file run-v7.cif (mmCIF, C-alpha atoms)
data_data
#
loop_
_atom_site.label_atom_id
_atom_site.label_comp_id
_atom_site.auth_asym_id
_atom_site.auth_seq_id
_atom_site.Cartn_x
_atom_site.Cartn_y
_atom_site.Cartn_z
CA MET A 1 -11.90 -2.95 -32.16
CA SER A 2 -11.33 -4.12 -35.72
CA GLY A 3 -11.59 -7.82 -34.86
CA LEU A 4 -9.33 -10.61 -33.70
CA ASP A 5 -6.95 -11.03 -36.63
CA LEU A 6 -3.56 -11.65 -35.07
CA ASP A 7 -1.20 -13.36 -37.49
CA PRO A 8 1.23 -16.15 -36.45
CA THR A 9 4.11 -13.72 -35.95
CA GLN A 10 1.99 -11.53 -33.68
CA LEU A 11 0.78 -14.56 -31.74
CA ASP A 12 4.42 -15.34 -31.05
CA ARG A 13 5.58 -11.76 -30.38
CA TYR A 14 2.78 -11.05 -27.91
CA SER A 15 2.45 -14.57 -26.50
CA ARG A 16 3.15 -13.47 -22.92
CA HIS A 17 0.24 -11.05 -23.17
CA ILE A 18 -2.04 -13.50 -24.90
CA ILE A 19 -1.69 -16.19 -22.21
CA MET A 20 -2.74 -13.70 -19.52
CA ASP A 21 -6.40 -14.01 -18.58
CA ASP A 22 -6.56 -10.22 -18.13
CA VAL A 23 -5.19 -9.51 -21.62
CA GLY A 24 -5.65 -12.41 -24.01
CA PRO A 25 -6.09 -12.10 -27.79
CA ALA A 26 -8.83 -9.48 -27.40
CA GLY A 27 -6.68 -7.31 -25.16
CA GLN A 28 -3.74 -7.53 -27.51
CA GLN A 29 -5.96 -6.59 -30.41
CA ALA A 30 -7.15 -3.58 -28.40
CA LEU A 31 -3.52 -2.49 -27.97
CA LEU A 32 -2.88 -2.90 -31.70
CA ASP A 33 -5.97 -0.80 -32.42
CA ALA A 34 -5.03 1.94 -29.91
CA SER A 35 -3.45 5.31 -30.69
CA ILE A 36 -1.38 7.12 -28.07
CA LEU A 37 0.39 10.48 -28.27
CA VAL A 38 3.62 10.98 -26.32
CA VAL A 39 4.47 14.64 -25.75
CA GLY A 40 8.24 14.64 -25.34
CA ALA A 41 10.88 12.20 -26.60
CA GLY A 42 13.42 12.71 -23.83
CA GLY A 43 13.96 11.20 -20.40
CA LEU A 44 10.37 10.28 -19.64
CA GLY A 45 9.38 9.79 -23.25
CA SER A 46 12.15 7.22 -23.78
CA PRO A 47 10.77 4.44 -21.53
CA VAL A 48 7.20 5.35 -22.46
CA LEU A 49 7.91 4.88 -26.17
CA GLN A 50 10.02 1.76 -25.61
CA TYR A 51 7.38 -0.09 -23.63
CA LEU A 52 4.34 1.07 -25.58
CA ALA A 53 6.06 -0.01 -28.78
CA ALA A 54 7.02 -3.36 -27.29
CA ALA A 55 3.46 -3.85 -26.02
CA GLY A 56 2.15 -3.42 -29.55
CA VAL A 57 0.33 -0.11 -29.35
CA GLY A 58 -0.64 0.22 -33.00
CA THR A 59 -0.25 3.97 -33.45
CA LEU A 60 2.27 6.05 -31.53
CA GLY A 61 2.58 9.80 -31.98
CA VAL A 62 5.78 11.59 -30.94
CA ALA A 63 5.62 15.35 -30.44
CA ASP A 64 8.94 17.12 -29.87
CA ASP A 65 10.74 20.00 -31.59
CA ASP A 66 14.12 19.57 -29.93
CA VAL A 67 17.38 18.03 -31.16
CA VAL A 68 19.47 15.37 -29.45
CA GLU A 69 22.39 16.68 -27.39
CA LEU A 70 25.27 14.72 -25.89
CA SER A 71 24.13 15.59 -22.36
CA ASN A 72 20.77 13.91 -23.10
CA LEU A 73 22.30 10.45 -23.45
CA GLN A 74 22.75 9.97 -19.68
CA ARG A 75 19.01 9.28 -19.39
CA GLN A 76 17.31 9.56 -22.80
CA THR A 77 17.88 5.95 -23.74
CA ILE A 78 16.19 5.79 -27.14
CA HIS A 79 18.87 8.09 -28.59
CA GLY A 80 22.52 7.24 -29.23
CA ASN A 81 25.81 8.88 -30.13
CA ASP A 82 24.96 8.89 -33.83
CA ASP A 83 21.74 10.79 -33.10
CA VAL A 84 23.42 13.85 -31.58
CA GLY A 85 22.30 16.88 -33.59
CA ARG A 86 19.30 15.05 -35.09
CA LYS A 87 15.66 15.85 -34.42
CA LYS A 88 14.40 13.90 -31.43
CA ALA A 89 11.06 13.07 -33.01
CA ARG A 90 12.77 11.42 -35.99
CA SER A 91 15.34 9.64 -33.85
CA ALA A 92 12.57 8.34 -31.57
CA ALA A 93 10.50 7.18 -34.52
CA GLU A 94 13.39 5.21 -35.98
CA PHE A 95 14.01 3.56 -32.62
CA VAL A 96 10.38 2.46 -32.38
CA GLU A 97 10.29 1.26 -35.98
CA SER A 98 13.38 -0.86 -35.41
CA ARG A 99 11.79 -2.49 -32.36
CA ASN A 100 8.33 -3.34 -33.66
CA PRO A 101 7.11 -3.22 -37.27
CA ASP A 102 3.50 -3.43 -36.06
CA VAL A 103 3.66 0.16 -34.81
CA ASP A 104 2.72 3.10 -37.02
CA VAL A 105 4.82 6.01 -35.75
CA ARG A 106 3.64 9.53 -36.44
CA THR A 107 6.22 12.27 -35.90
CA HIS A 108 5.16 15.77 -34.90
CA ASP A 109 8.27 17.95 -35.11
CA LEU A 110 6.69 20.91 -33.39
CA ARG A 111 6.43 22.82 -30.16
CA VAL A 112 3.04 22.07 -28.67
CA SER A 113 1.10 25.34 -28.55
CA PRO A 114 -2.47 26.65 -28.25
CA GLU A 115 -2.51 26.91 -32.04
CA ASN A 116 -1.87 23.21 -32.67
CA VAL A 117 -2.71 21.25 -29.52
CA GLU A 118 -6.42 20.72 -30.19
CA ALA A 119 -5.86 19.26 -33.65
CA LEU A 120 -2.91 17.25 -32.34
CA ILE A 121 -4.71 15.40 -29.55
CA ALA A 122 -7.88 14.89 -31.62
CA ASP A 123 -6.20 12.01 -33.48
CA TYR A 124 -5.34 10.01 -30.36
CA ASP A 125 -7.16 7.94 -27.74
CA PHE A 126 -4.76 8.72 -24.88
CA VAL A 127 -1.97 11.24 -24.24
CA VAL A 128 1.20 10.76 -22.18
CA ASP A 129 2.59 14.08 -21.00
CA ALA A 130 6.36 13.56 -20.82
CA SER A 131 7.15 17.27 -21.13
CA ASP A 132 9.58 19.25 -19.02
CA ASN A 133 7.97 22.63 -18.45
CA PHE A 134 4.91 24.04 -16.74
CA GLN A 135 3.55 25.83 -19.80
CA THR A 136 3.28 22.58 -21.76
CA ARG A 137 1.86 20.70 -18.77
CA PHE A 138 -0.92 23.22 -18.22
CA LEU A 139 -1.61 23.38 -21.94
CA VAL A 140 -1.86 19.59 -22.27
CA ASN A 141 -4.07 19.45 -19.19
CA ASP A 142 -6.44 22.14 -20.39
CA ALA A 143 -6.68 20.78 -23.94
CA CYS A 144 -7.19 17.16 -22.86
CA THR A 145 -9.65 18.02 -20.10
CA LEU A 146 -11.76 20.21 -22.36
CA ALA A 147 -11.72 17.59 -25.15
CA GLY A 148 -12.34 14.64 -22.83
CA VAL A 149 -9.06 12.94 -23.79
CA PRO A 150 -7.49 10.92 -20.92
CA PHE A 151 -3.83 11.55 -20.16
CA SER A 152 -0.96 10.64 -17.85
CA HIS A 153 1.22 13.21 -16.13
CA GLY A 154 4.80 12.59 -15.03
CA ALA A 155 7.61 14.76 -13.67
CA ILE A 156 11.14 14.18 -12.37
CA PHE A 157 13.69 16.19 -10.40
CA ARG A 158 17.01 15.04 -8.95
CA PHE A 159 16.02 11.84 -7.05
CA GLU A 160 12.26 12.42 -7.07
CA GLY A 161 9.40 11.66 -9.41
CA GLN A 162 5.63 11.89 -9.54
CA VAL A 163 2.95 10.28 -11.68
CA THR A 164 -0.82 10.56 -11.90
CA THR A 165 -3.47 9.82 -14.49
CA PHE A 166 -6.40 12.01 -15.45
CA PRO A 167 -8.96 9.81 -17.23
CA GLY A 168 -11.63 12.52 -17.31
CA GLY A 169 -15.20 12.13 -16.28
CA GLU A 170 -17.66 13.99 -14.10
CA ASP A 171 -15.93 13.23 -10.80
CA ALA A 172 -12.32 13.14 -11.98
CA PRO A 173 -9.90 15.97 -11.12
CA CYS A 174 -7.47 17.60 -13.53
CA TYR A 175 -3.95 18.99 -13.15
CA ARG A 176 -5.29 22.43 -12.20
CA CYS A 177 -7.21 20.89 -9.30
CA LEU A 178 -3.82 20.01 -7.86
CA PHE A 179 -1.78 22.95 -9.13
CA PRO A 180 -4.00 25.94 -10.08
CA GLU A 181 -0.99 27.78 -11.51
CA ALA A 182 2.74 27.44 -11.97
CA PRO A 183 5.19 28.74 -9.36
CA PRO A 184 6.95 32.06 -10.00
CA GLU A 185 9.70 31.85 -12.59
CA GLY A 186 13.05 30.96 -11.08
CA THR A 187 11.69 29.50 -7.83
CA VAL A 188 11.97 25.89 -9.03
CA PRO A 189 15.28 25.05 -10.75
CA ASP A 190 15.23 22.89 -13.85
CA CYS A 191 17.37 19.80 -14.27
CA SER A 192 19.96 21.54 -16.42
CA THR A 193 21.00 23.40 -13.27
CA ALA A 194 19.90 21.02 -10.48
CA GLY A 195 20.60 17.70 -12.21
CA VAL A 196 18.64 14.45 -12.34
CA LEU A 197 19.54 10.85 -11.56
CA GLY A 198 19.92 9.12 -14.92
CA VAL A 199 17.85 6.04 -14.04
CA LEU A 200 14.99 8.01 -12.46
CA PRO A 201 13.00 8.68 -15.66
CA GLY A 202 13.16 4.97 -16.43
CA THR A 203 11.04 4.24 -13.37
CA VAL A 204 8.65 7.16 -13.73
CA GLY A 205 8.20 6.76 -17.49
CA SER A 206 7.59 3.03 -17.12
CA ILE A 207 4.78 3.78 -14.68
CA GLN A 208 3.27 6.20 -17.18
CA ALA A 209 3.46 3.52 -19.87
CA THR A 210 1.81 1.07 -17.48
CA GLU A 211 -1.06 3.48 -16.89
CA ALA A 212 -1.56 3.92 -20.64
CA VAL A 213 -1.64 0.15 -21.24
CA LYS A 214 -4.05 -0.38 -18.35
CA TRP A 215 -6.34 2.30 -19.74
CA VAL A 216 -6.40 0.61 -23.16
CA LEU A 217 -7.07 -2.79 -21.59
CA ASP A 218 -9.58 -1.39 -19.06
CA GLU A 219 -7.86 -3.46 -16.38
CA GLY A 220 -6.69 -2.64 -12.87
CA GLU A 221 -6.94 0.63 -10.98
CA LEU A 222 -5.53 3.77 -12.56
CA LEU A 223 -3.90 6.56 -10.60
CA ASP A 224 -7.20 8.40 -10.92
CA GLY A 225 -7.51 10.88 -8.07
CA ARG A 226 -4.13 9.75 -6.73
CA MET A 227 -0.60 11.10 -7.11
CA LEU A 228 2.19 8.54 -6.83
CA PHE A 229 5.37 10.04 -5.38
CA TYR A 230 8.68 8.21 -5.81
CA ASP A 231 11.77 8.93 -3.73
CA ALA A 232 14.62 7.05 -5.41
CA ALA A 233 17.19 8.06 -2.79
CA ASN A 234 15.31 6.24 -0.04
CA MET A 235 13.51 3.79 -2.37
CA GLU A 236 10.10 4.84 -1.11
CA PHE A 237 6.75 5.18 -2.83
CA ASP A 238 3.92 7.23 -1.39
CA THR A 239 0.45 8.02 -2.68
CA PHE A 240 -1.82 10.91 -1.79
CA GLU A 241 -5.28 11.79 -2.93
CA VAL A 242 -6.01 14.45 -5.55
CA ALA A 243 -9.50 15.82 -5.09
CA LYS A 244 -11.62 17.48 -7.74
CA ARG A 245 -11.97 21.19 -6.98
CA PRO A 246 -15.49 22.57 -7.43
CA ASP A 247 -13.92 25.96 -8.25
CA CYS A 248 -11.45 24.59 -10.80
CA PRO A 249 -11.52 26.94 -13.81
CA VAL A 250 -11.25 24.03 -16.26
CA CYS A 251 -13.19 21.08 -14.80
CA GLY A 252 -15.10 22.68 -11.91
CA ASP A 253 -18.80 23.35 -11.45
CA ASP A 254 -18.65 26.69 -13.25
CA PRO A 255 -15.59 26.55 -15.52
CA ALA A 256 -14.14 29.83 -16.74
CA VAL A 257 -12.22 28.25 -19.60
CA GLU A 258 -13.97 27.00 -22.71
CA SER A 259 -10.91 26.83 -24.97
CA VAL A 260 -7.12 26.84 -24.66
CA HIS A 261 -7.28 30.17 -26.48
CA ASP A 262 -8.79 31.64 -23.30
CA VAL A 263 -5.46 31.22 -21.50
CA GLU A 264 -2.01 32.74 -21.98
CA TYR A 265 0.48 29.92 -21.43
CA VAL A 266 3.32 32.06 -20.11
CA ASP A 267 4.72 32.67 -16.65
CA SER A 268 2.25 31.19 -14.12
CA CYS A 269 -0.35 30.07 -16.72
CA ALA A 270 -2.91 31.75 -14.45
CA ILE A 271 -6.55 32.17 -15.42
CA GLY A 272 -8.34 35.40 -14.64
CA GLY A 273 -5.77 36.57 -12.14
CA GLY A 274 -4.54 33.15 -11.08
CA GLY A 275 -5.33 30.52 -8.53
CA ASP A 276 -5.10 30.60 -4.76
CA ASP A 277 -2.31 29.93 -2.30
CA ASP A 278 -2.28 26.25 -3.30
CA GLY A 279 -0.39 27.45 -6.34
CA GLU A 280 2.78 27.75 -4.30
CA ASN A 281 3.07 23.96 -4.45
CA ALA A 282 2.72 23.78 -8.23
CA GLY A 283 4.93 21.11 -9.71
CA ALA A 284 6.23 20.08 -6.29
CA VAL A 285 8.75 17.68 -7.75
CA GLY A 286 10.22 20.28 -10.08
CA THR A 287 10.04 21.26 -13.70
CA GLY A 288 11.18 17.98 -15.16
CA ASP A 289 14.28 17.22 -17.14
CA GLY A 290 14.77 20.55 -18.90
CA ASP A 291 17.82 20.86 -21.06
CA ASP A 292 17.30 24.32 -22.53
CA ASP A 293 15.92 26.44 -19.74
CA ALA A 294 12.69 24.44 -19.77
CA GLU A 295 11.69 25.77 -23.17
CA VAL A 296 11.30 22.48 -25.01
CA THR A 297 8.62 19.82 -24.77
CA GLN A 298 10.80 16.91 -23.83
CA ASP A 299 11.90 15.48 -20.53
#
call {"tool": "encode", "arguments": {"input": "run-v7.cif", "output": "structure tokens"}}
result
Amino acid sequence: MSGLDLDPTQLDRYSRHIIMDDVGPAGQQALLDASILVVGAGGLGSPVLQYLAAAGVGTLGVADDDVVELSNLQRQTIHGNDDVGRKKARSAAEFVESRNPDVDVRTHDLRVSPENVEALIADYDFVVDASDNFQTRFLVNDACTLAGVPFSHGAIFRFEGQVTTFPGGEDAPCYRCLFPEAPPEGTVPDCSTAGVLGVLPGTVGSIQATEAVKWVLDEGELLDGRMLFYDAANMEFDTFEVAKRPDCPVCGDDPAVESVHDVEYVDSCAIGGGGDDDGENAGAVGTGDGDDDAEVTQD
């Protein structure tokens, strides 16, 4: 932390944080000193970026190589009619900048890949995975787990969403502990064919933003070792445990993966022949909010 040096405008802007015993001036300064990368500036990325910017997270990275389409506007609330055809990363950055001048927005107009992911996450304290495809999810998991960078995972599909947080650590699981590999191509439809309730990513993304803020503040209980499942149709929340797998190839007792370059992030993203029959449940909620056959890194 660089010190408690909030100016009068910041004391006013963040006054509802500052009067909280669990946040206070020191907590707000921690948020201003924090750096968080959001992978995806679509459905999930929209509420994540909105609320992290409003909370005063000092550095926000936006990684997305897609462009805004008219069909995005039903749920991707940081983009508007005038943004159609523009790069999402730039549109998202301008939205954040217009909401809070305290935030330094870094745009990464790229497709997250094994060639760039390690350097990308190295500049951030926390990562929010708001992507829409299994390849990116497994890549973010593997890179963050190997580098010891905590991250939040979220996914949406029709009326359903799921969120968990992987803070790292000796006893903490990773995404591959839950889903060793992706399901066969074509077995889980993406949202461009199955659809998604427009308000759903607002709930799921807001929970991801909450987890990121809690991690920065070191307050409350994270969804560490727990998956939160949200059924919007029946307005039900359920939580189930996610256990660390001793045989996990990334975070287990004898990991087979030392670098993201040890894995081919195509098809099932399997390692050394793949996982076990637990893999049939990979991404149980779906592939996310894919708009282009789940090829882009936005939700």
call {"tool": "atom_distance", "arguments": {"input": "run-v7.cif", "atom1": "atom CA of A:Ala41", "atom2": "atom CA of A:Phe166"}}
result
20.6 Å
call {"tool": "closest_atom_pairs", "arguments": {"input": "run-v7.cif", "of": "stretch 102-159 of chain A", "to": "stretch 196-204 of chain A", "cutoff": "6 Å", "atoms": "all atoms listed in the file", "output": "JSON lines"}}
result
{"residue": "A:Phe157", "atom": "CA", "partner": "A:Val196", "partner_atom": "CA", "distance": 5.6}
{"residue": "A:Arg158", "atom": "CA", "partner": "A:Val196", "partner_atom": "CA", "distance": 3.8}
{"residue": "A:Phe159", "atom": "CA", "partner": "A:Leu197", "partner_atom": "CA", "distance": 5.8}
call {"tool": "residues_around", "arguments": {"input": "run-v7.cif", "residues": "A:Asp247", "least_positions_apart": "5", "cutoff": "10 Å", "atoms": "only C-alpha atoms", "output": "count of residues only"}}
result
7
call {"tool": "atom_distance", "arguments": {"input": "run-v7.cif", "atom1": "atom CA of A:Ala232", "atom2": "atom CA of A:Val39"}}
result
24.0 Å
call {"tool": "closest_residue", "arguments": {"input": "run-v7.cif", "among": "A:Ala89, A:Ala270, A:Asp218, A:Leu37", "to": "A:Val140", "atoms": "all atoms listed in the file"}}
result
A:Leu37
call {"tool": "residues_near_point", "arguments": {"input": "run-v7.cif", "point": "(20.6, 8.9, -21.6)", "cutoff": "12 Å", "atoms": "all atoms listed in the file", "output": "PyMOL selection string"}}
result
chain A and resi 41-47+68-81+83-84+196-202+289+299
call {"tool": "resolve_selection", "arguments": {"input": "run-v7.cif", "expression": "the PyMOL selection byres ((chain A and resi 224) around 7)", "output": "number ranges by chain"}}
result
A: 164-167, 222-223, 225-226
call {"tool": "write_last_selection", "arguments": {"input": "run-v7.cif", "atoms": "C-alpha atoms", "output": "PDB file, keeping the file's coordinate frame"}}
result
ATOM      1  CA  THR A 164      -0.820  10.560 -11.900  1.00  0.00           C
ATOM      2  CA  THR A 165      -3.470   9.820 -14.490  1.00  0.00           C
ATOM      3  CA  PHE A 166      -6.400  12.010 -15.450  1.00  0.00           C
ATOM      4  CA  PRO A 167      -8.960   9.810 -17.230  1.00  0.00           C
ATOM      5  CA  LEU A 222      -5.530   3.770 -12.560  1.00  0.00           C
ATOM      6  CA  LEU A 223      -3.900   6.560 -10.600  1.00  0.00           C
ATOM      7  CA  GLY A 225      -7.510  10.880  -8.070  1.00  0.00           C
ATOM      8  CA  ARG A 226      -4.130   9.750  -6.730  1.00  0.00           C
TER       9      ARG A 226
END
call {"tool": "build_atoms", "arguments": {"input": "run-v7.cif", "residues": "stretch 103-116 of chain A", "atoms": "N, CA and C atoms", "output": "compact mmCIF listing (two decimals), in the frame of the given file"}}
result
# COMPACT_ATOMS: atom_id res chain seq x y z
N VAL A 103 3.99 -1.18 -35.29
CA VAL A 103 3.66 0.16 -34.81
C VAL A 103 3.78 1.19 -35.93
N ASP A 104 2.72 1.96 -36.10
CA ASP A 104 2.72 3.10 -37.02
C ASP A 104 3.12 4.33 -36.23
N VAL A 105 4.32 4.86 -36.50
CA VAL A 105 4.82 6.01 -35.75
C VAL A 105 4.54 7.29 -36.52
N ARG A 106 3.93 8.24 -35.84
CA ARG A 106 3.64 9.53 -36.44
C ARG A 106 4.50 10.59 -35.75
N THR A 107 5.34 11.26 -36.49
CA THR A 107 6.22 12.27 -35.90
C THR A 107 5.58 13.65 -36.02
N HIS A 108 5.66 14.39 -34.94
CA HIS A 108 5.16 15.77 -34.90
C HIS A 108 6.33 16.64 -34.45
N ASP A 109 7.10 17.12 -35.40
CA ASP A 109 8.27 17.95 -35.11
C ASP A 109 7.79 19.37 -34.88
N LEU A 110 7.27 19.60 -33.69
CA LEU A 110 6.69 20.91 -33.39
C LEU A 110 6.72 21.15 -31.88
N ARG A 111 6.61 22.40 -31.55
CA ARG A 111 6.43 22.82 -30.16
C ARG A 111 4.93 22.87 -29.89
N VAL A 112 4.47 22.11 -28.96
CA VAL A 112 3.04 22.07 -28.67
C VAL A 112 2.60 23.46 -28.19
N SER A 113 1.54 23.97 -28.82
CA SER A 113 1.10 25.34 -28.55
C SER A 113 -0.42 25.41 -28.60
N PRO A 114 -1.01 26.51 -28.15
CA PRO A 114 -2.47 26.65 -28.25
C PRO A 114 -2.97 26.58 -29.69
N GLU A 115 -2.10 26.91 -30.63
CA GLU A 115 -2.51 26.91 -32.04
C GLU A 115 -2.59 25.50 -32.63
N ASN A 116 -1.87 24.55 -32.06
CA ASN A 116 -1.87 23.21 -32.67
C ASN A 116 -2.34 22.09 -31.76
